[in-house]
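Shown next: coords.txt, given as compact mmCIF, C-alpha atoms.
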```
# COMPACT_ATOMS: atom_id res chain seq x y z
CA MET A 1 121.98 86.90 105.09
CA SER A 2 121.94 86.88 101.34
CA ARG A 3 120.23 89.69 99.54
CA ILE A 4 118.69 89.44 96.10
CA ILE A 5 117.98 92.13 93.52
CA THR A 6 115.40 91.31 90.86
CA ILE A 7 115.15 93.47 87.76
CA GLY A 8 111.99 93.39 85.71
CA ARG A 9 112.29 95.46 82.57
CA GLU A 10 110.68 96.51 79.37
CA PHE A 11 112.32 95.27 76.19
CA GLY A 12 114.83 97.87 75.03
CA SER A 13 114.98 99.74 78.35
CA GLY A 14 118.53 98.60 79.10
CA GLY A 15 117.43 96.78 82.26
CA ARG A 16 119.70 93.84 81.50
CA THR A 17 122.70 96.14 81.04
CA ILE A 18 121.88 97.98 84.27
CA GLY A 19 121.81 94.60 86.02
CA LYS A 20 125.27 93.70 84.67
CA MET A 21 126.65 97.12 85.66
CA ALA A 22 125.22 96.85 89.18
CA GLY A 23 126.57 93.30 89.58
CA GLU A 24 130.02 94.46 88.58
CA LYS A 25 129.97 97.37 91.02
CA LEU A 26 128.63 95.25 93.89
CA GLY A 27 130.74 92.19 93.09
CA ILE A 28 127.81 89.78 93.04
CA PRO A 29 126.72 87.41 90.24
CA VAL A 30 124.08 88.43 87.71
CA TYR A 31 121.79 85.80 86.24
CA ASP A 32 120.10 86.46 82.98
CA ASN A 33 120.66 84.06 80.06
CA GLU A 34 122.73 81.88 82.41
CA ILE A 35 119.42 80.76 83.84
CA LEU A 36 118.43 79.15 80.55
CA ALA A 37 121.01 76.35 80.79
CA LYS A 38 119.96 75.61 84.34
CA ILE A 39 116.29 75.45 83.37
CA ALA A 40 117.19 73.16 80.45
CA GLU A 41 119.01 70.82 82.80
CA GLU A 42 116.17 70.85 85.30
CA SER A 43 113.34 70.36 82.81
CA GLY A 44 114.88 68.36 79.99
CA LEU A 45 113.55 70.95 77.56
CA ALA A 46 115.72 72.34 74.76
CA GLU A 47 117.51 75.59 75.54
CA GLU A 48 116.20 77.16 72.36
CA TYR A 49 112.61 76.42 73.37
CA ILE A 50 113.26 77.87 76.81
CA SER A 51 114.90 81.00 75.43
CA ASP A 52 111.82 81.53 73.33
CA LYS A 53 109.27 80.82 76.05
CA SER A 54 110.72 81.65 79.45
CA GLU A 55 109.49 85.24 79.45
CA ASP A 56 107.36 85.91 76.44
CA THR A 57 104.33 84.07 75.27
CA SER A 58 101.64 84.40 72.65
CA LEU A 59 97.97 84.49 73.42
CA GLY A 60 97.51 81.30 71.36
CA SER A 61 99.89 79.31 73.49
CA LEU A 62 98.29 80.62 76.69
CA ILE A 63 94.90 79.46 75.47
CA ALA A 64 96.33 76.04 74.54
CA ARG A 65 97.91 75.83 77.98
CA GLY A 66 94.66 76.79 79.66
CA LEU A 67 92.80 74.13 77.70
CA SER A 68 95.37 71.44 78.46
CA SER A 69 94.90 72.04 82.17
CA ALA A 70 91.11 72.25 82.03
CA GLY A 71 90.51 68.47 81.93
CA SER A 72 90.00 66.46 85.06
CA TYR A 73 93.55 65.16 84.73
CA ARG A 74 95.72 68.25 84.69
CA GLN A 75 98.06 67.48 81.82
CA THR A 76 101.58 68.79 82.13
CA SER A 77 102.28 70.81 79.02
CA ALA A 78 105.81 71.79 78.03
CA GLU A 79 105.02 75.32 79.18
CA GLU A 80 103.88 74.13 82.61
CA LEU A 81 107.07 72.09 82.86
CA LEU A 82 109.09 75.14 81.93
CA TRP A 83 107.39 77.33 84.54
CA GLN A 84 107.95 74.76 87.29
CA ALA A 85 111.63 74.40 86.36
CA GLN A 86 112.08 78.17 86.13
CA ARG A 87 110.59 78.57 89.60
CA LYS A 88 112.81 75.90 91.07
CA VAL A 89 116.00 77.27 89.50
CA ILE A 90 115.29 80.83 90.67
CA LEU A 91 114.46 79.73 94.22
CA GLU A 92 117.71 77.74 94.33
CA LEU A 93 119.79 80.64 93.02
CA ALA A 94 118.32 82.90 95.69
CA GLU A 95 119.23 80.32 98.35
CA LYS A 96 122.84 80.12 97.17
CA GLY A 97 123.77 83.71 97.99
CA SER A 98 123.43 87.36 97.07
CA CYS A 99 122.82 87.91 93.38
CA ILE A 100 120.93 89.87 90.73
CA ILE A 101 118.29 88.10 88.66
CA VAL A 102 117.09 89.78 85.48
CA GLY A 103 113.54 89.14 84.28
CA ARG A 104 111.79 85.76 84.28
CA CYS A 105 109.21 86.77 86.91
CA ALA A 106 111.86 86.49 89.62
CA ASP A 107 110.19 89.32 91.56
CA TYR A 108 107.03 87.22 91.83
CA ILE A 109 108.78 83.91 92.45
CA LEU A 110 110.75 85.50 95.32
CA LYS A 111 107.81 87.58 96.59
CA GLU A 112 107.71 86.00 100.03
CA LYS A 113 111.45 86.38 100.44
CA ALA A 114 111.80 89.39 102.70
CA ASP A 115 115.27 90.45 101.67
CA CYS A 116 114.65 91.09 98.02
CA LEU A 117 114.93 94.46 96.30
CA LYS A 118 112.50 94.48 93.39
CA VAL A 119 113.30 96.92 90.60
CA PHE A 120 111.41 97.70 87.39
CA VAL A 121 113.16 99.49 84.52
CA TYR A 122 111.14 101.19 81.79
CA ALA A 123 111.48 103.95 79.20
CA SER A 124 109.43 105.73 76.56
CA VAL A 125 108.79 103.97 73.25
CA GLU A 126 111.00 106.53 71.48
CA LYS A 127 113.99 105.94 73.75
CA ARG A 128 113.58 102.16 73.56
CA ALA A 129 113.25 102.22 69.78
CA GLU A 130 116.54 104.13 69.55
CA ARG A 131 118.19 101.63 71.84
CA ILE A 132 117.07 98.42 70.17
CA VAL A 133 118.23 99.68 66.79
CA SER A 134 121.66 100.58 68.22
CA VAL A 135 121.99 97.31 70.18
CA TYR A 136 120.26 94.73 67.97
CA GLY A 137 120.48 96.50 64.61
CA GLU A 138 117.79 97.22 62.06
CA SER A 139 115.28 94.58 61.03
CA MET A 140 112.44 94.28 58.53
CA GLU A 141 109.96 95.30 61.20
CA SER A 142 109.90 98.82 62.59
CA PRO A 143 111.43 99.08 66.08
CA GLU A 144 108.07 100.34 67.39
CA LYS A 145 106.32 97.19 66.18
CA ARG A 146 109.04 94.98 67.67
CA LEU A 147 108.59 96.76 71.00
CA ARG A 148 104.82 96.47 70.95
CA ASP A 149 104.96 92.73 70.16
CA LYS A 150 107.56 92.04 72.80
CA ASP A 151 105.77 94.14 75.46
CA LYS A 152 102.53 92.33 74.74
CA LYS A 153 104.08 88.87 75.02
CA ARG A 154 106.12 89.67 78.10
CA GLY A 155 103.10 91.18 79.81
CA ALA A 156 100.94 88.17 78.90
CA PHE A 157 103.50 85.72 80.27
CA TYR A 158 103.86 87.64 83.52
CA ASN A 159 100.15 88.18 84.04
CA TYR A 160 99.31 84.55 83.31
CA ASN A 161 101.90 83.09 85.66
CA THR A 162 101.65 85.54 88.50
CA ASP A 163 98.07 86.82 88.77
CA MET A 164 99.57 90.31 88.95
CA LYS A 165 99.79 93.00 86.31
CA TRP A 166 103.19 93.42 84.70
CA GLY A 167 104.75 96.85 85.12
CA ARG A 168 102.34 97.95 87.86
CA PRO A 169 104.48 99.95 90.33
CA HIS A 170 103.05 98.10 93.33
CA ASN A 171 104.86 94.89 92.37
CA TYR A 172 108.20 96.63 92.86
CA ASN A 173 110.08 98.66 95.49
CA ILE A 174 111.27 101.12 92.88
CA CYS A 175 110.64 101.86 89.20
CA LEU A 176 113.23 103.69 87.11
CA ASP A 177 112.90 105.46 83.77
CA SER A 178 116.26 104.59 82.21
CA GLY A 179 115.51 106.83 79.24
CA THR A 180 115.59 110.04 81.27
CA LEU A 181 117.72 108.99 84.26
CA GLY A 182 120.42 107.20 82.22
CA LEU A 183 121.86 103.73 82.84
CA GLU A 184 124.60 104.89 85.24
CA THR A 185 122.18 106.73 87.51
CA CYS A 186 119.88 103.70 87.58
CA ARG A 187 122.85 101.52 88.55
CA ASP A 188 123.90 103.96 91.27
CA ILE A 189 120.43 104.10 92.83
CA ILE A 190 120.17 100.29 92.86
CA CYS A 191 123.64 99.91 94.39
CA ALA A 192 122.93 102.55 97.05
CA LEU A 193 119.71 100.81 98.06
CA TYR A 194 121.43 97.44 98.13
CA GLU A 195 124.39 98.59 100.18
CA LYS A 196 122.20 100.39 102.66
CA SER A 197 120.44 97.23 103.66
CA VAL A 198 123.01 94.46 103.41
CA MET B 1 118.24 127.53 85.64
CA SER B 2 115.47 126.68 88.02
CA ARG B 3 114.69 123.05 88.59
CA ILE B 4 111.33 121.69 89.66
CA ILE B 5 110.41 118.49 91.47
CA THR B 6 106.82 117.29 91.13
CA ILE B 7 105.51 114.62 93.47
CA GLY B 8 102.43 112.68 92.51
CA ARG B 9 101.32 110.35 95.26
CA GLU B 10 98.73 107.92 96.43
CA PHE B 11 96.64 109.02 99.39
CA GLY B 12 98.30 107.77 102.56
CA SER B 13 101.67 107.05 100.94
CA GLY B 14 103.42 109.90 102.75
CA GLY B 15 104.28 111.65 99.47
CA ARG B 16 103.44 115.05 100.91
CA THR B 17 105.68 114.45 103.93
CA ILE B 18 108.50 113.27 101.66
CA GLY B 19 108.08 116.51 99.68
CA LYS B 20 108.38 118.61 102.86
CA MET B 21 111.42 116.64 104.00
CA ALA B 22 113.15 117.01 100.61
CA GLY B 23 112.37 120.73 100.49
CA GLU B 24 113.91 121.20 103.92
CA LYS B 25 117.05 119.30 102.97
CA LEU B 26 117.43 121.12 99.65
CA GLY B 27 116.42 124.53 100.97
CA ILE B 28 113.76 125.12 98.32
CA PRO B 29 110.06 125.92 98.81
CA VAL B 30 107.43 123.19 98.79
CA TYR B 31 103.96 123.97 97.47
CA ASP B 32 101.08 121.81 98.52
CA ASN B 33 98.12 123.40 100.26
CA GLU B 34 99.78 126.79 99.73
CA ILE B 35 98.61 126.47 96.13
CA LEU B 36 94.97 126.57 97.20
CA ALA B 37 95.07 130.22 98.26
CA LYS B 38 96.74 131.18 95.01
CA ILE B 39 94.15 129.32 92.96
CA ALA B 40 91.38 130.99 94.98
CA GLU B 41 92.83 134.40 94.21
CA GLU B 42 93.25 133.57 90.54
CA SER B 43 89.83 132.04 90.00
CA GLY B 44 87.58 133.80 92.49
CA LEU B 45 86.43 130.38 93.72
CA ALA B 46 86.16 129.61 97.42
CA GLU B 47 89.18 127.94 98.96
CA GLU B 48 87.02 125.23 100.45
CA TYR B 49 85.59 124.34 97.05
CA ILE B 50 89.10 124.23 95.62
CA SER B 51 90.44 122.09 98.42
CA ASP B 52 87.67 119.65 97.68
CA LYS B 53 88.02 119.64 93.91
CA SER B 54 91.59 120.45 92.94
CA GLU B 55 92.72 116.85 92.89
CA ASP B 56 89.82 114.55 93.46
CA THR B 57 86.61 114.33 91.61
CA SER B 58 83.57 112.12 91.45
CA LEU B 59 82.36 110.41 88.31
CA GLY B 60 79.10 112.36 88.56
CA SER B 61 80.81 115.73 88.43
CA LEU B 62 82.97 114.61 85.51
CA ILE B 63 79.87 113.62 83.58
CA ALA B 64 78.23 116.96 84.41
CA ARG B 65 81.37 118.76 83.30
CA GLY B 66 81.51 116.74 80.09
CA LEU B 67 77.87 117.61 79.36
CA SER B 68 78.37 121.29 80.10
CA SER B 69 81.16 121.46 77.54
CA ALA B 70 79.34 119.41 74.91
CA GLY B 71 77.12 122.26 73.66
CA SER B 72 78.12 124.48 70.78
CA TYR B 73 79.00 127.20 73.27
CA ARG B 74 81.53 125.64 75.60
CA GLN B 75 80.20 126.75 78.96
CA THR B 76 82.79 127.44 81.60
CA SER B 77 81.87 125.36 84.60
CA ALA B 78 83.38 126.01 88.02
CA GLU B 79 85.53 122.94 87.51
CA GLU B 80 86.86 124.20 84.19
CA LEU B 81 87.63 127.51 85.84
CA LEU B 82 89.43 125.72 88.63
CA TRP B 83 91.53 123.67 86.21
CA GLN B 84 92.54 126.76 84.22
CA ALA B 85 93.50 128.63 87.40
CA GLN B 86 95.39 125.61 88.75
CA ARG B 87 97.34 125.36 85.49
CA LYS B 88 98.20 129.05 85.53
CA VAL B 89 99.32 129.06 89.19
CA ILE B 90 101.54 126.02 88.73
CA LEU B 91 103.16 127.39 85.56
CA GLU B 92 103.87 130.67 87.37
CA LEU B 93 105.35 128.92 90.41
CA ALA B 94 107.66 126.93 88.13
CA GLU B 95 108.78 130.18 86.46
CA LYS B 96 109.60 131.81 89.78
CA GLY B 97 112.40 129.44 90.77
CA SER B 98 113.35 125.98 91.98
CA CYS B 99 110.65 124.34 94.06
CA ILE B 100 108.76 121.16 94.88
CA ILE B 101 105.10 120.88 93.90
CA VAL B 102 103.03 118.14 95.49
CA GLY B 103 100.11 116.67 93.57
CA ARG B 104 97.62 118.68 91.51
CA CYS B 105 98.71 117.17 88.17
CA ALA B 106 101.85 119.34 88.25
CA ASP B 107 103.80 116.59 86.46
CA TYR B 108 101.42 116.89 83.51
CA ILE B 109 101.11 120.68 83.59
CA LEU B 110 104.93 120.97 83.52
CA LYS B 111 105.42 118.10 81.05
CA GLU B 112 107.08 120.21 78.38
CA LYS B 113 109.38 121.82 80.92
CA ALA B 114 112.68 120.01 80.39
CA ASP B 115 114.15 120.52 83.82
CA CYS B 116 111.52 118.81 85.88
CA LEU B 117 112.05 115.70 88.00
CA LYS B 118 108.77 113.82 88.14
CA VAL B 119 108.32 111.49 91.10
CA PHE B 120 105.45 109.17 92.00
CA VAL B 121 105.11 107.83 95.56
CA TYR B 122 102.97 104.77 96.28
CA ALA B 123 102.60 102.02 98.87
CA SER B 124 100.56 98.90 99.52
CA VAL B 125 97.01 99.29 100.80
CA GLU B 126 98.07 97.77 104.14
CA LYS B 127 100.88 100.28 104.68
CA ARG B 128 98.71 103.22 103.63
CA ALA B 129 95.84 102.11 105.86
CA GLU B 130 98.22 102.04 108.83
CA ARG B 131 99.49 105.49 107.94
CA ILE B 132 96.16 107.25 107.48
CA VAL B 133 94.90 105.96 110.81
CA SER B 134 98.06 107.20 112.55
CA VAL B 135 98.07 110.58 110.74
CA TYR B 136 94.37 111.39 110.34
CA GLY B 137 92.91 109.23 113.10
CA GLU B 138 90.08 106.72 112.99
CA SER B 139 86.82 107.48 111.24
CA MET B 140 83.48 105.79 110.75
CA GLU B 141 84.66 104.33 107.48
CA SER B 142 87.33 101.64 107.35
CA PRO B 143 90.73 103.00 106.22
CA GLU B 144 90.63 100.62 103.25
CA LYS B 145 87.37 102.13 102.03
CA ARG B 146 88.70 105.67 102.50
CA LEU B 147 91.75 104.73 100.43
CA ARG B 148 89.72 103.12 97.68
CA ASP B 149 87.41 106.15 97.41
CA LYS B 150 90.28 108.63 97.40
CA ASP B 151 92.33 106.61 94.87
CA LYS B 152 89.34 106.38 92.58
CA LYS B 153 88.63 110.12 92.72
CA ARG B 154 92.24 111.17 92.36
CA GLY B 155 92.72 108.82 89.42
CA ALA B 156 89.54 110.09 87.76
CA PHE B 157 90.61 113.73 88.13
CA TYR B 158 94.07 113.04 86.72
CA ASN B 159 92.88 110.90 83.84
CA TYR B 160 90.18 113.39 82.86
CA ASN B 161 92.43 116.42 82.86
CA THR B 162 95.56 114.91 81.40
CA ASP B 163 94.59 112.17 78.94
CA MET B 164 97.15 109.99 80.73
CA LYS B 165 96.68 107.21 83.22
CA TRP B 166 97.39 108.14 86.83
CA GLY B 167 100.13 106.11 88.48
CA ARG B 168 101.44 104.65 85.22
CA PRO B 169 105.25 104.59 85.62
CA HIS B 170 105.81 106.15 82.20
CA ASN B 171 104.46 109.50 83.37
CA TYR B 172 107.30 109.80 85.88
CA ASN B 173 111.11 109.61 86.00
CA ILE B 174 111.01 107.50 89.13
CA CYS B 175 108.39 105.71 91.25
CA LEU B 176 109.05 104.94 94.91
CA ASP B 177 107.33 102.50 97.26
CA SER B 178 107.45 104.50 100.48
CA GLY B 179 106.02 101.54 102.42
CA THR B 180 109.09 99.36 101.90
CA LEU B 181 111.78 101.99 101.26
CA GLY B 182 110.78 104.31 104.11
CA LEU B 183 110.25 108.08 103.93
CA GLU B 184 113.91 109.00 104.62
CA THR B 185 115.23 106.82 101.81
CA CYS B 186 112.68 108.28 99.40
CA ARG B 187 113.79 111.77 100.41
CA ASP B 188 117.46 110.87 99.96
CA ILE B 189 116.93 109.43 96.47
CA ILE B 190 114.98 112.52 95.38
CA CYS B 191 117.61 114.89 96.80
CA ALA B 192 120.47 112.94 95.18
CA LEU B 193 118.76 113.09 91.79
CA TYR B 194 118.03 116.79 92.19
CA GLU B 195 121.54 117.72 93.28
CA LYS B 196 123.13 115.74 90.50
CA SER B 197 121.43 117.75 87.84
CA VAL B 198 121.21 121.28 89.21
```
As structure tokens, how would this structure be written, given the file I've shared?
Amino acid sequence: MSRIITIGREFGSGGRTIGKMAGEKLGIPVYDNEILAKIAEESGLAEEYISDKSEDTSLGSLIARGLSSAGSYRQTSAEELLWQAQRKVILELAEKGSCIIVGRCADYILKEKADCLKVFVYASVEKRAERIVSVYGESMESPEKRLRDKDKKRGAFYNYNTDMKWGRPHNYNICLDSGTLGLETCRDIICALYEKSV
Amino acid sequence: MSRIITIGREFGSGGRTIGKMAGEKLGIPVYDNEILAKIAEESGLAEEYISDKSEDTSLGSLIARGLSSAGSYRQTSAEELLWQAQRKVILELAEKGSCIIVGRCADYILKEKADCLKVFVYASVEKRAERIVSVYGESMESPEKRLRDKDKKRGAFYNYNTDMKWGRPHNYNICLDSGTLGLETCRDIICALYEKSV
């Protein structure tokens, strides 16, 4: 039976890197940006649009989406189309075999799938600010503002699409503070849990 | 250097049992109800009162406590006295040597202590309802209502005394869903993290 690991993560927490490290150690594929091309193929939407919208969203676009579906004919907006395609791609990946899926509400989309280890990776604002400057470099905006904006959008996207609250422990089997535990320890815990139950 | 493990937990999640199991495996003392007698000695308050109030509180008593401290002379209410004694006892226990402290806002009280592994244990309402019936037996109230009441009081006590939000992952190094992981796995993860860094 295939076993899936989903990793939800705060921006700058290193969750994506932990996913890659765990995939390498376990010898199973990791899907992160690879999913974008598949969603593009499935939906016909441009990859750039998907990259921008497949996890994060602004309040304005959520309102527009809400309005577009409020009429008696539910209009399919580009964002609805994207969500449907994202859902389909993730369900298909999970069917194909054991893998790790980073972000994109995979934990929710695979909720009913019994054999799914759902992980959330977080860290303090200070630790994440340090990390995004070292990984993505400086920018005009302060790292704290970048984090706040990204957290807000990611949370809004998750909450809108899932009817659950992003980052609430109860959505996950385990939540790890990468800032104090370190990336290697997070990887080791995930691998140990995975190997125990394969 | 002594190392402390604090375990915050939802009522019915088995966090206390996990603490006992980890203490046994690691050979270090576990403080849970043992703290009550120490707080009684320190504060002069009755143990029964402390048992009732050292973690859970009602909104009414918080309001009363807020009012009593709003005057120009900050009156020391019994609850203030309890909190001060609780703080002192926990700080002294942490000084004495490696140990596990269950509940009682120990994670917050020991926040500035560098060598402290802060754990939060939670589970779904369904899993916790099952557990409290099997551990504490049936009662007139439904287990769901008992859980809701206890969660609300424990959260209110924590939030009032700490200025943080109870159960928010960022207060802890790791959060474990005992309902899906199982008590033994939770114990093993905690022990592995502890042994790594002693």
Worksheet item: Closest to chain B among A:Lys127, A:Lys88, A:Arg104, A:Arg146, using all atoms listed in the file?
Response: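 Nearest to chain B: A:Lys127.
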Practice prompt. Please return, as JSON, numbers by chain, all residues of chain A lying within 7 Å of chain B when all atoms listed in the file are considered.
Written response: {"A": [123, 124, 169, 170, 173, 174, 175, 176, 177, 180, 181]}
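Put simply, CA of Phe157 in chain B is 6.1 Å away from CA of Glu55 in chain B.
Minimum atom-to-atom distances from A:Cys105, A:Glu34, A:Lys113, A:Leu147 to Asn159 in chain A were compared using all atoms listed in the file, and the lowest value belongs to A:Cys105.
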Discussion item. If I take CA of Lys150 in chain A and CA of Met21 in chain A, how far is one from the other in Å, to one decimal?
Written reply: 23.6 Å
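Candidate residues A:Cys116, A:Ala22, A:Leu183, A:Leu82 were compared for distance to Lys53 in chain A, and the nearest is A:Leu82, using only C-alpha atoms.
Closest to Arg87 in chain A among A:Thr6, A:Ser13, A:Asn161, A:Asn33 is A:Asn161, based on all atoms listed in the file.
Distance-wise, CA of Ser51 in chain A and CA of Ile190 in chain A end up 26.5 Å apart.
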Fill in: All residues 8 Å or closer to Ala129 in chain B, only C-alpha atoms, same chain fewer than 2 positions away omitted, as number ranges by chain
B: 12, 125-127, 131-133, 143-144, 147
Practice prompt. List the neighbours of range 94-103 of chain A out to 6 Å using all atoms listed in the file; skip same-chain residues closer than 2 positions along the sequence, and give me the result as a PyMOL selection string.
Written response: chain A and resi 2-8+28-32+91-92+105
Excluding range 39-44 of chain A and any residue of its chain fewer than 5 positions from it, enumerate the residues within 7 Å of it, using all atoms listed in the file, and give them as a JSON list (two decimals) with C-alpha atoms, in the coordinates of the input.
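And here is the file that came out, selection-v2.json:
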```json
[["chain", "number", "residue", "atom", "x", "y", "z"],
["A", 81, "LEU", "CA", 107.07, 72.09, 82.86],
["A", 82, "LEU", "CA", 109.09, 75.14, 81.93],
["A", 85, "ALA", "CA", 111.63, 74.40, 86.36],
["A", 86, "GLN", "CA", 112.08, 78.17, 86.13],
["A", 89, "VAL", "CA", 116.00, 77.27, 89.50]]
```
Taking the partial coordinates given, rebuild range 130-148 of chain A to contain N, CA and C atoms; return it as a compact mmCIF listing (two decimals), keeping the file's coordinate frame.
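Result file is selection-v1.txt:
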```
# COMPACT_ATOMS: atom_id res chain seq x y z
N GLU A 130 115.15 103.72 69.81
CA GLU A 130 116.54 104.13 69.55
C GLU A 130 117.51 103.05 70.01
N ARG A 131 117.26 102.57 71.23
CA ARG A 131 118.19 101.63 71.84
C ARG A 131 118.20 100.28 71.14
N ILE A 132 117.03 99.76 70.78
CA ILE A 132 117.07 98.42 70.17
C ILE A 132 117.70 98.47 68.78
N VAL A 133 117.56 99.58 68.09
CA VAL A 133 118.23 99.68 66.79
C VAL A 133 119.75 99.73 66.99
N SER A 134 120.20 100.47 68.02
CA SER A 134 121.66 100.58 68.22
C SER A 134 122.24 99.29 68.80
N VAL A 135 121.46 98.54 69.57
CA VAL A 135 121.99 97.31 70.18
C VAL A 135 121.79 96.09 69.28
N TYR A 136 120.57 95.95 68.73
CA TYR A 136 120.26 94.73 67.97
C TYR A 136 120.30 94.95 66.47
N GLY A 137 120.44 96.20 66.04
CA GLY A 137 120.48 96.50 64.61
C GLY A 137 119.08 96.65 64.02
N GLU A 138 119.05 97.05 62.77
CA GLU A 138 117.79 97.22 62.06
C GLU A 138 117.18 95.85 61.75
N SER A 139 115.87 95.82 61.54
CA SER A 139 115.28 94.58 61.03
C SER A 139 114.15 94.98 60.08
N MET A 140 113.51 94.00 59.50
CA MET A 140 112.44 94.28 58.53
C MET A 140 111.30 95.05 59.22
N GLU A 141 111.03 94.64 60.47
CA GLU A 141 109.96 95.30 61.20
C GLU A 141 110.43 96.62 61.80
N SER A 142 109.53 97.56 61.95
CA SER A 142 109.90 98.82 62.59
C SER A 142 110.20 98.55 64.05
N PRO A 143 111.12 99.32 64.66
CA PRO A 143 111.43 99.08 66.08
C PRO A 143 110.19 99.24 66.96
N GLU A 144 109.28 100.15 66.59
CA GLU A 144 108.07 100.34 67.39
C GLU A 144 107.22 99.07 67.40
N LYS A 145 107.12 98.41 66.24
CA LYS A 145 106.32 97.19 66.18
C LYS A 145 107.00 96.08 66.99
N ARG A 146 108.32 95.99 66.89
CA ARG A 146 109.04 94.98 67.67
C ARG A 146 108.79 95.19 69.17
N LEU A 147 108.82 96.45 69.58
CA LEU A 147 108.59 96.76 71.00
C LEU A 147 107.18 96.38 71.43
N ARG A 148 106.23 96.76 70.61
CA ARG A 148 104.82 96.47 70.95
C ARG A 148 104.60 94.97 71.09
```
